[in-house]
Amino acid sequence: MPIARYIQNSLLSSSAIRKLFEEGTALKKRYGADKVFDFSIGNPDIEPPTAFHEVLLRLAQEDAKGSHGYMPNAGFPDVRESIARKAGREHNVTIDGSHIVMAVGAAGGLNVVFKTILNGGDEVIVPAPFFMEYRAYVSNHNGTLVEVSTAEDFNLDIHAIRAKLTRKTAAILINSPHNPTGRIYPEKTLAALAAILTEHGASCGRFPYLVADEPYREIAYNTAPPPVLSLYGESIVVSSYSKSLSLPGERIGYIAVSPRISDKDDIMNGLIYATRVLGFVNAPALMQRVVAELIEARVNVEVYARRRDAFKHVLDQAGLTYAEPEGAFYLFVKAPDKAGGDDVKFSDHLKKHLILGVPGTSFGKSGWLRFAYCVDERIIRASADAFKKAVELF
C-alpha cells in the first residue's frame with residue numbers, strides 16, 4: 001500500500017538541513033569529528049542552566065497526586081499565570097493566564113495557531129528568507145504560504161508586504177531574532193507593519209493576524225527584540241524554551257495572545273481545541289512545571305556572542321561577506337561572486353573541504369548560505385584554514 005502522495009512529494013524535497021546533518025554524521029565517522037566543520041543544524045549545544053537540573057530533580061522526586069496526569073488542555077493554570085507575567089513584561093502588556101496556551105514547542109504552537117485561524121485557501125504572508133518548515137506548517141492546515149522579499153539588509157519591506165495583502169490574507173508570519181539571518185526587526189518597522197495591517201483591515205473588513213515566532217527572543221546581543229503584543233491588537237506570539245534554556249528535545253513552549261485581540265474567547269477556545277485534536281492533548285506536564293520556576297533563567301548568551309565574533313573573523317579572513325547577526329546563532333553568508341551567486345554549487349564545493357552549510361535556496365533566498373554557530377568555539381576557529389582554502393580554490 002503506497003503512502004499518501006502529499007507525504008511522498010514532501011519526502012522528495014525534505015529538509016536540506018537534515019540531509020546535511022546526516023552527511024555530517026557520515027563524514028565525522030570517516031574523517032573524525034574534529035576534522036569536520038558541521039554548521040548545518042541549529043541544535044543548541046550549550047547545556048541548560050544549573051537551575052534547570054536542580055528544579056528538574058526536585059520536581060521529579062515529588063510524588064504529588066496527579067502531577068503526571070492530564071490537566072486542562074491549555075496547561076496548568078498556575079503555569080499559565082507565570083508565563084503570562086513573563087510574556088507581559090516582554091511585550092509591555094497586562095495579560096493573565098487566560099491569554100496563554102502551553103504548547104509542544106514553538107513548532108507545535110504554530111501548527112495550533114494555523115489550525116485555529118486558517119480556512120481552506122487562506123494565505124499567510126512570510127518575509128523571505130524564512131525557516132523552511134513554515135511551508136509545511138501552513139499547508140498542514142490548507143493554507144497557502146505567500147513569500148515576500150525583504151530589504152537588502154533583511155529588514156521587512158513594508159511596501160512589498162502591503163502589495164501582497166488581499167482579502168485572503170489570514171496572517172503575517174514573522175520571526176525575530178531571525179532564522180537564518182540573525183536580524184532583529186526594529187520597533188519602528190513593526191509599528192509600520194501594524195499600521196498597514198490596520199489600514200488593510202479597515203478597508204476590507206478582515207484584519208490579518210500578526211503571528212510572531214519568537215524562540216530566539218532571549219538570544220539577542222546588543223538590543224532586545226521589540227514588543228509585538230502591544231503594537232498590534234490582532235497579534236499572537238509563539239515561543240519556546242528550546243533556545244533560551246537549551247531544551248529543544250523537551251518540546252515545551254507557549255502561545256500568548258494580545259489583550260486587544262478580537263473575539264478573544266473564540267480564539268482561545270480554538271487554540272485549546274486545536275491543541276487537543278492535533279494529538280498534542282497538552283504540553284508535557286513535568287516540563288510545564290519546570291519552566292514555570294525558571295522564568296528568569298536562560299543560557300549564557302555571551303557564549304554565543306563570542307562564537308559569533310570568532311566566526312565573523314574566520315569569514316573575514318576568507319574574504320566572505322555576511323549579514324550582521326543581532327540575535328539567534330546563525331550567520332547568513334553570501335556566496336562568492338566566483339560562484340555566480342549559486343549557493344548550492346558553493347555548498348557542494350565546501351563539502352569537499354569538510355565544511356557544511358545550508359544553501360539559502362532552502363530558506364527562499366538563493367545566493368546565500370546559512371551557518372549555525374551553536375558548536376564548540378574550537379571547531380569554529382579550526383575551520384579558518386579550510387574556509388580560506390575553499391574560497392581560494394573555488
# chains A, B, ... in the order shown; residues from 1 in each chain; ligands from 1
$ select_by_dssp --residues "stretch 192-266 of chain A" --states "strand (DSSP E)" --output "VMD selection string"
chain A and resid 209 to 213 235 to 240 253 to 257
$ write_last_selection --atoms "N, CA and C atoms" --output "PDB file, in the first residue's frame"
ATOM      1  N   TYR A 209      -4.014  38.485  11.226  1.00  0.00           N
ATOM      2  CA  TYR A 209      -3.267  38.269  12.462  1.00  0.00           C
ATOM      3  C   TYR A 209      -1.779  38.496  12.191  1.00  0.00           C
ATOM      4  N   LEU A 210      -1.103  39.032  13.167  1.00  0.00           N
ATOM      5  CA  LEU A 210       0.351  39.102  13.136  1.00  0.00           C
ATOM      6  C   LEU A 210       0.856  38.000  14.058  1.00  0.00           C
ATOM      7  N   VAL A 211       1.436  36.961  13.456  1.00  0.00           N
ATOM      8  CA  VAL A 211       1.925  35.814  14.210  1.00  0.00           C
ATOM      9  C   VAL A 211       3.446  35.931  14.317  1.00  0.00           C
ATOM     10  N   ALA A 212       3.949  36.046  15.551  1.00  0.00           N
ATOM     11  CA  ALA A 212       5.379  36.218  15.786  1.00  0.00           C
ATOM     12  C   ALA A 212       5.959  34.934  16.366  1.00  0.00           C
ATOM     13  N   ASP A 213       6.878  34.336  15.616  1.00  0.00           N
ATOM     14  CA  ASP A 213       7.564  33.119  16.043  1.00  0.00           C
ATOM     15  C   ASP A 213       8.839  33.570  16.766  1.00  0.00           C
ATOM     16  N   SER A 235      -2.525  40.331  17.405  1.00  0.00           N
ATOM     17  CA  SER A 235      -1.215  39.667  17.388  1.00  0.00           C
ATOM     18  C   SER A 235      -1.205  38.437  18.287  1.00  0.00           C
ATOM     19  N   ILE A 236      -0.400  37.465  17.861  1.00  0.00           N
ATOM     20  CA  ILE A 236      -0.225  36.200  18.571  1.00  0.00           C
ATOM     21  C   ILE A 236       1.264  35.883  18.590  1.00  0.00           C
ATOM     22  N   VAL A 237       1.800  35.625  19.757  1.00  0.00           N
ATOM     23  CA  VAL A 237       3.210  35.281  19.891  1.00  0.00           C
ATOM     24  C   VAL A 237       3.335  33.794  20.220  1.00  0.00           C
ATOM     25  N   VAL A 238       4.246  33.119  19.523  1.00  0.00           N
ATOM     26  CA  VAL A 238       4.542  31.718  19.793  1.00  0.00           C
ATOM     27  C   VAL A 238       6.011  31.632  20.179  1.00  0.00           C
ATOM     28  N   SER A 239       6.301  30.984  21.287  1.00  0.00           N
ATOM     29  CA  SER A 239       7.685  30.892  21.732  1.00  0.00           C
ATOM     30  C   SER A 239       7.945  29.512  22.323  1.00  0.00           C
ATOM     31  N   SER A 240       9.223  29.285  22.663  1.00  0.00           N
ATOM     32  CA  SER A 240       9.586  28.007  23.272  1.00  0.00           C
ATOM     33  C   SER A 240      10.824  28.201  24.124  1.00  0.00           C
ATOM     34  N   GLY A 253       6.794  24.950  25.068  1.00  0.00           N
ATOM     35  CA  GLY A 253       6.665  26.335  24.644  1.00  0.00           C
ATOM     36  C   GLY A 253       5.293  26.860  25.012  1.00  0.00           C
ATOM     37  N   TYR A 254       4.916  27.976  24.405  1.00  0.00           N
ATOM     38  CA  TYR A 254       3.617  28.567  24.721  1.00  0.00           C
ATOM     39  C   TYR A 254       3.140  29.487  23.605  1.00  0.00           C
ATOM     40  N   ILE A 255       1.853  29.749  23.621  1.00  0.00           N
ATOM     41  CA  ILE A 255       1.204  30.721  22.742  1.00  0.00           C
ATOM     42  C   ILE A 255       0.641  31.821  23.635  1.00  0.00           C
ATOM     43  N   ALA A 256       0.874  33.080  23.261  1.00  0.00           N
ATOM     44  CA  ALA A 256       0.333  34.225  24.009  1.00  0.00           C
ATOM     45  C   ALA A 256      -0.402  35.133  23.038  1.00  0.00           C
ATOM     46  N   VAL A 257      -1.588  35.575  23.415  1.00  0.00           N
ATOM     47  CA  VAL A 257      -2.356  36.460  22.534  1.00  0.00           C
ATOM     48  C   VAL A 257      -2.463  37.848  23.150  1.00  0.00           C
TER      49      VAL A 257
END
$ residues_around --residues "A:Ile184" --least-positions-apart "2" --cutoff "7 Å" --atoms "only C-alpha atoms" --output "JSON, numbers by chain"
{"A": [176, 177, 178, 182, 186, 225, 326, 327]}
$ write_last_selection --atoms "C-alpha atoms" --output "compact mmCIF listing (two decimals), in the first residue's frame"
# COMPACT_ATOMS: atom_id res chain seq x y z
CA SER A 176 12.68 37.85 15.19
CA PRO A 177 15.50 37.30 16.10
CA HIS A 178 15.51 35.74 12.70
CA GLY A 182 20.02 36.81 12.85
CA PRO A 186 13.27 47.34 14.74
CA PRO A 225 13.58 42.45 20.40
CA GLU A 326 21.84 40.75 16.02
CA GLY A 327 20.44 37.64 17.65
$ select_by_dssp --residues "stretch 30-110 of chain A" --states "helix (DSSP H, G or I)" --output "ChimeraX atom specification"
/A:30-31,33-35,50-61,77-91,97-99,105-110
$ atom_distance --atom1 "atom CA of A:His91" --atom2 "atom CA of A:Pro226"
7.4 Å
$ atom_distance --atom1 "atom CA of A:Leu294" --atom2 "atom CA of A:Phe39"
29.3 Å
$ decode --residues "stretch 80-95 of chain A" --atoms "C-alpha atoms" --output "PDB file, in the first residue's frame"
ATOM      1  CA  ARG A  80      -0.075  29.824  32.557  1.00  0.00           C
ATOM      2  CA  GLU A  81      -0.159  32.653  35.084  1.00  0.00           C
ATOM      3  CA  SER A  82       3.641  32.540  35.425  1.00  0.00           C
ATOM      4  CA  ILE A  83       4.137  32.564  31.662  1.00  0.00           C
ATOM      5  CA  ALA A  84       1.658  35.438  31.316  1.00  0.00           C
ATOM      6  CA  ARG A  85       3.719  37.577  33.682  1.00  0.00           C
ATOM      7  CA  LYS A  86       6.853  36.843  31.657  1.00  0.00           C
ATOM      8  CA  ALA A  87       5.228  37.500  28.271  1.00  0.00           C
ATOM      9  CA  GLY A  88       3.514  40.603  29.622  1.00  0.00           C
ATOM     10  CA  ARG A  89       6.838  42.109  30.693  1.00  0.00           C
ATOM     11  CA  GLU A  90       8.465  41.326  27.360  1.00  0.00           C
ATOM     12  CA  HIS A  91       5.608  42.764  25.318  1.00  0.00           C
ATOM     13  CA  ASN A  92       4.564  45.705  27.504  1.00  0.00           C
ATOM     14  CA  VAL A  93       1.043  44.425  28.096  1.00  0.00           C
ATOM     15  CA  THR A  94      -1.019  43.268  31.029  1.00  0.00           C
ATOM     16  CA  ILE A  95      -2.230  39.730  30.455  1.00  0.00           C
TER      17      ILE A  95
END
